[in-house]
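Inspection log for the structure reproduced underneath, given as structure tokens.
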Amino acid sequence: MLRAKNIWVAGGDPRQAALAALLADDGHSVHTYALERGEGTACEPSMAGADRADCVVLPLPAAGPDGRLNAPLAAEGHGLEEVLDALRPGQLVCAGMAGEGLEGMARERGLVLRDYFAREELAVMNAVPVALAVW
């Protein structure tokens with residue numbers, strides 16, 4: 001590994017909790033938020049300190065049906081604004097299925113948003129489990 005990173009994983013389902021564990025196993029400094037009910041996950045009480053992260057990872061999809069942070073494992077609901085307002089301009093945010101709303105909020109705050117679900121590699125790899133689930 002080149003250099004350990006400071007990574008925040010905010011919201012999501014068991015996949016995000018597993019991602020946090022894998023990143024920590026790789027030697028990164030990992031902080032989680034809004035994953036309180038995730039197995040073996042110790043969460044931060046707030047986003048304080050997230051402005052020092054090398055990357056903030058949001059779930060797939062980033063927003064739930066209500067437009068708030070997709071966080072089924074959170075003890076309470078959180079708005080996307082709450083997460084983004086804790087970050088600094090120029091900071092990297094990775095999210096799945098970001099959507100126009102999140103893209104606009106990130107742009108307003110000067111954040112660098114990358115939609116990992118838009119990557120062809122992920123879309124192709126995701127096609128098989130989706131097809132099996134539909135079948």
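Ordering of the structure tokens sets the chain letters (A, B, ...), residue numbers begin anew at 1 in every chain, and ligands are numbered from 1 in the order given.
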
Per-residue DSSP, chain A, filtered to strand (DSSP E), as a PDB file with C-alpha atoms, in the first residue's frame:
ATOM      1  CA  ASN A   6      -8.221   8.798   6.238  1.00  0.00           C
ATOM      2  CA  ILE A   7     -11.595   7.584   4.972  1.00  0.00           C
ATOM      3  CA  TRP A   8     -15.103   8.281   6.223  1.00  0.00           C
ATOM      4  CA  VAL A   9     -17.949   5.906   5.350  1.00  0.00           C
ATOM      5  CA  ALA A  10     -21.307   7.598   5.918  1.00  0.00           C
ATOM      6  CA  SER A  29      -7.883   5.085   9.190  1.00  0.00           C
ATOM      7  CA  VAL A  30     -11.635   4.540   8.863  1.00  0.00           C
ATOM      8  CA  HIS A  31     -14.441   6.473  10.516  1.00  0.00           C
ATOM      9  CA  THR A  32     -18.080   5.503  10.136  1.00  0.00           C
ATOM     10  CA  TYR A  33     -21.190   7.606  10.549  1.00  0.00           C
ATOM     11  CA  CYS A  55     -12.302  10.600   0.885  1.00  0.00           C
ATOM     12  CA  VAL A  56     -15.887  10.396   2.124  1.00  0.00           C
ATOM     13  CA  VAL A  57     -17.805   7.381   0.819  1.00  0.00           C
ATOM     14  CA  LEU A  92     -13.475  14.026  -2.586  1.00  0.00           C
ATOM     15  CA  VAL A  93     -16.892  12.422  -2.102  1.00  0.00           C
ATOM     16  CA  CYS A  94     -17.665   9.050  -3.684  1.00  0.00           C
ATOM     17  CA  ALA A  95     -21.312   8.020  -3.970  1.00  0.00           C
ATOM     18  CA  VAL A 112     -15.462  16.794  -5.928  1.00  0.00           C
ATOM     19  CA  LEU A 113     -18.177  14.174  -6.448  1.00  0.00           C
ATOM     20  CA  ARG A 114     -17.464  10.843  -8.126  1.00  0.00           C
ATOM     21  CA  ASP A 115     -20.349   8.471  -8.852  1.00  0.00           C
TER      22      ASP A 115
END

(Q) Using DSSP assignments from the backbone, pull out every residue in chain A that falls under alpha helix (DSSP H) and give it to me as a PyMOL selection string. (A) chain A and resi 14-25+80-85+99-109+120-134

Output of the above residues as a tab-separated table (two decimals), in the first residue's frame, restricted to N, CA and C atoms:
chain	number	residue	atom	x	y	z
A	14	PRO	N	-25.44	-3.09	5.05
A	14	PRO	CA	-24.31	-3.96	5.42
A	14	PRO	C	-23.14	-3.92	4.44
A	15	ARG	N	-23.38	-3.55	3.20
A	15	ARG	CA	-22.26	-3.44	2.25
A	15	ARG	C	-21.30	-2.34	2.66
A	16	GLN	N	-21.84	-1.21	3.16
A	16	GLN	CA	-20.98	-0.11	3.59
A	16	GLN	C	-20.22	-0.49	4.86
A	17	ALA	N	-20.88	-1.20	5.77
A	17	ALA	CA	-20.20	-1.65	6.98
A	17	ALA	C	-19.06	-2.61	6.61
A	18	ALA	N	-19.30	-3.49	5.64
A	18	ALA	CA	-18.26	-4.42	5.19
A	18	ALA	C	-17.13	-3.65	4.52
A	19	LEU	N	-17.45	-2.63	3.73
A	19	LEU	CA	-16.43	-1.80	3.09
A	19	LEU	C	-15.54	-1.16	4.15
A	20	ALA	N	-16.15	-0.61	5.19
A	20	ALA	CA	-15.38	0.03	6.26
A	20	ALA	C	-14.41	-0.96	6.89
A	21	ALA	N	-14.88	-2.17	7.14
A	21	ALA	CA	-14.03	-3.20	7.74
A	21	ALA	C	-12.88	-3.58	6.80
A	22	LEU	N	-13.17	-3.73	5.51
A	22	LEU	CA	-12.12	-4.07	4.54
A	22	LEU	C	-11.07	-2.96	4.44
A	23	LEU	N	-11.52	-1.71	4.43
A	23	LEU	CA	-10.58	-0.59	4.36
A	23	LEU	C	-9.70	-0.54	5.62
A	24	ALA	N	-10.30	-0.78	6.77
A	24	ALA	CA	-9.52	-0.80	8.02
A	24	ALA	C	-8.52	-1.95	8.00
A	25	ASP	N	-8.94	-3.12	7.50
A	25	ASP	CA	-8.03	-4.26	7.39
A	25	ASP	C	-6.85	-3.97	6.48
A	80	LEU	N	-28.72	14.65	3.61
A	80	LEU	CA	-27.48	14.75	2.84
A	80	LEU	C	-26.76	16.07	3.14
A	81	GLU	N	-27.54	17.13	3.37
A	81	GLU	CA	-26.95	18.43	3.67
A	81	GLU	C	-26.09	18.36	4.92
A	82	GLU	N	-26.56	17.63	5.92
A	82	GLU	CA	-25.81	17.48	7.18
A	82	GLU	C	-24.42	16.90	6.91
A	83	VAL	N	-24.37	15.91	6.06
A	83	VAL	CA	-23.09	15.27	5.73
A	83	VAL	C	-22.22	16.22	4.91
A	84	LEU	N	-22.77	16.80	3.86
A	84	LEU	CA	-21.99	17.64	2.97
A	84	LEU	C	-21.53	18.93	3.63
A	85	ASP	N	-22.33	19.48	4.54
A	85	ASP	CA	-21.96	20.73	5.21
A	85	ASP	C	-20.75	20.54	6.12
A	99	GLY	N	-27.26	11.11	-8.48
A	99	GLY	CA	-28.46	11.85	-8.85
A	99	GLY	C	-28.22	13.35	-8.90
A	100	GLU	N	-29.14	14.04	-9.57
A	100	GLU	CA	-29.00	15.48	-9.79
A	100	GLU	C	-29.03	16.28	-8.49
A	101	GLY	N	-29.84	15.85	-7.54
A	101	GLY	CA	-29.93	16.59	-6.27
A	101	GLY	C	-28.60	16.61	-5.54
A	102	LEU	N	-27.99	15.46	-5.38
A	102	LEU	CA	-26.69	15.37	-4.70
A	102	LEU	C	-25.61	16.07	-5.52
A	103	GLU	N	-25.66	15.92	-6.84
A	103	GLU	CA	-24.68	16.59	-7.69
A	103	GLU	C	-24.74	18.10	-7.51
A	104	GLY	N	-25.95	18.65	-7.44
A	104	GLY	CA	-26.11	20.08	-7.24
A	104	GLY	C	-25.62	20.53	-5.87
A	105	MET	N	-25.95	19.77	-4.84
A	105	MET	CA	-25.49	20.13	-3.49
A	105	MET	C	-23.97	20.09	-3.41
A	106	ALA	N	-23.35	19.09	-4.03
A	106	ALA	CA	-21.88	18.98	-4.02
A	106	ALA	C	-21.27	20.15	-4.78
A	107	ARG	N	-21.83	20.49	-5.91
A	107	ARG	CA	-21.32	21.60	-6.73
A	107	ARG	C	-21.41	22.91	-5.93
A	108	GLU	N	-22.53	23.16	-5.25
A	108	GLU	CA	-22.70	24.38	-4.46
A	108	GLU	C	-21.64	24.52	-3.37
A	109	ARG	N	-21.19	23.38	-2.84
A	109	ARG	CA	-20.23	23.38	-1.75
A	109	ARG	C	-18.78	23.24	-2.24
A	120	GLU	N	-18.19	1.63	-15.53
A	120	GLU	CA	-18.61	0.45	-16.29
A	120	GLU	C	-18.28	-0.85	-15.55
A	121	GLU	N	-17.11	-0.91	-14.90
A	121	GLU	CA	-16.71	-2.13	-14.20
A	121	GLU	C	-17.74	-2.53	-13.15
A	122	LEU	N	-18.21	-1.56	-12.40
A	122	LEU	CA	-19.19	-1.85	-11.35
A	122	LEU	C	-20.54	-2.22	-11.95
A	123	ALA	N	-20.96	-1.50	-12.96
A	123	ALA	CA	-22.25	-1.79	-13.58
A	123	ALA	C	-22.28	-3.20	-14.14
A	124	VAL	N	-21.20	-3.63	-14.78
A	124	VAL	CA	-21.14	-4.98	-15.36
A	124	VAL	C	-21.14	-6.03	-14.24
A	125	MET	N	-20.32	-5.82	-13.22
A	125	MET	CA	-20.25	-6.78	-12.12
A	125	MET	C	-21.57	-6.84	-11.34
A	126	ASN	N	-22.29	-5.74	-11.30
A	126	ASN	CA	-23.56	-5.68	-10.58
A	126	ASN	C	-24.70	-6.31	-11.36
A	127	ALA	N	-24.55	-6.46	-12.67
A	127	ALA	CA	-25.63	-6.97	-13.51
A	127	ALA	C	-26.03	-8.40	-13.15
A	128	VAL	N	-25.08	-9.25	-12.84
A	128	VAL	CA	-25.39	-10.66	-12.54
A	128	VAL	C	-26.23	-10.78	-11.27
A	129	PRO	N	-25.80	-10.20	-10.12
A	129	PRO	CA	-26.66	-10.34	-8.93
A	129	PRO	C	-28.02	-9.70	-9.09
A	130	VAL	N	-28.09	-8.61	-9.84
A	130	VAL	CA	-29.39	-7.96	-10.08
A	130	VAL	C	-30.28	-8.88	-10.89
A	131	ALA	N	-29.73	-9.47	-11.93
A	131	ALA	CA	-30.52	-10.39	-12.76
A	131	ALA	C	-30.99	-11.59	-11.95
A	132	LEU	N	-30.15	-12.12	-11.09
A	132	LEU	CA	-30.53	-13.26	-10.26
A	132	LEU	C	-31.63	-12.86	-9.27
A	133	ALA	N	-31.52	-11.66	-8.74
A	133	ALA	CA	-32.54	-11.18	-7.79
A	133	ALA	C	-33.88	-11.02	-8.49
A	134	VAL	N	-33.86	-10.55	-9.72
A	134	VAL	CA	-35.10	-10.35	-10.47
A	134	VAL	C	-35.71	-11.70	-10.84

Restricting to only C-alpha atoms, whichever of A:Cys43, A:Gln91, A:Ala98, A:Ala48 is closest to Ala63 of chain A is A:Ala98

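Residues in contact with Arg88 of chain A at 8 Å, where only C-alpha atoms are counted and same-chain residues fewer than 6 positions away are skipped, are listed as Asp51, Arg109, Gly110 and Leu111 of chain A.
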
Keeping N, CA and C atoms for every residue in the selection just given, could you write it to a file as a JSON list (two decimals), in the first residue's frame?
[["chain", "number", "residue", "atom", "x", "y", "z"],
["A", 51, "ASP", "N", -13.95, 16.75, 7.67],
["A", 51, "ASP", "CA", -13.31, 17.69, 6.75],
["A", 51, "ASP", "C", -11.82, 17.39, 6.56],
["A", 109, "ARG", "N", -21.19, 23.38, -2.84],
["A", 109, "ARG", "CA", -20.23, 23.38, -1.75],
["A", 109, "ARG", "C", -18.78, 23.24, -2.24],
["A", 110, "GLY", "N", -18.60, 23.13, -3.55],
["A", 110, "GLY", "CA", -17.27, 23.00, -4.11],
["A", 110, "GLY", "C", -16.63, 21.65, -3.88],
["A", 111, "LEU", "N", -17.44, 20.62, -3.68],
["A", 111, "LEU", "CA", -16.93, 19.27, -3.45],
["A", 111, "LEU", "C", -16.68, 18.56, -4.77]]

* To do: Do a neighbour search on Pro61 of chain A at 6 Å with only C-alpha atoms, toss out local chain neighbours closer than 2 positions, and write the hits as an MDAnalysis selection string.
  => chainID A and resid 59 63 96:97

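Rounded to one decimal, atom CA of Ala74 of chain A and atom CA of Ser46 of chain A lie 11.9 Å from each other.
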
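From atom CA of Gly79 of chain A back to atom CA of Ala34 of chain A, the distance works out to 10.7 Å.
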
Residue with the minimum atom-to-atom distance to Leu35 of chain A, picked from A:Glu76, A:Gly11, A:Leu87, A:Tyr116 with only C-alpha atoms counted, is A:Gly11
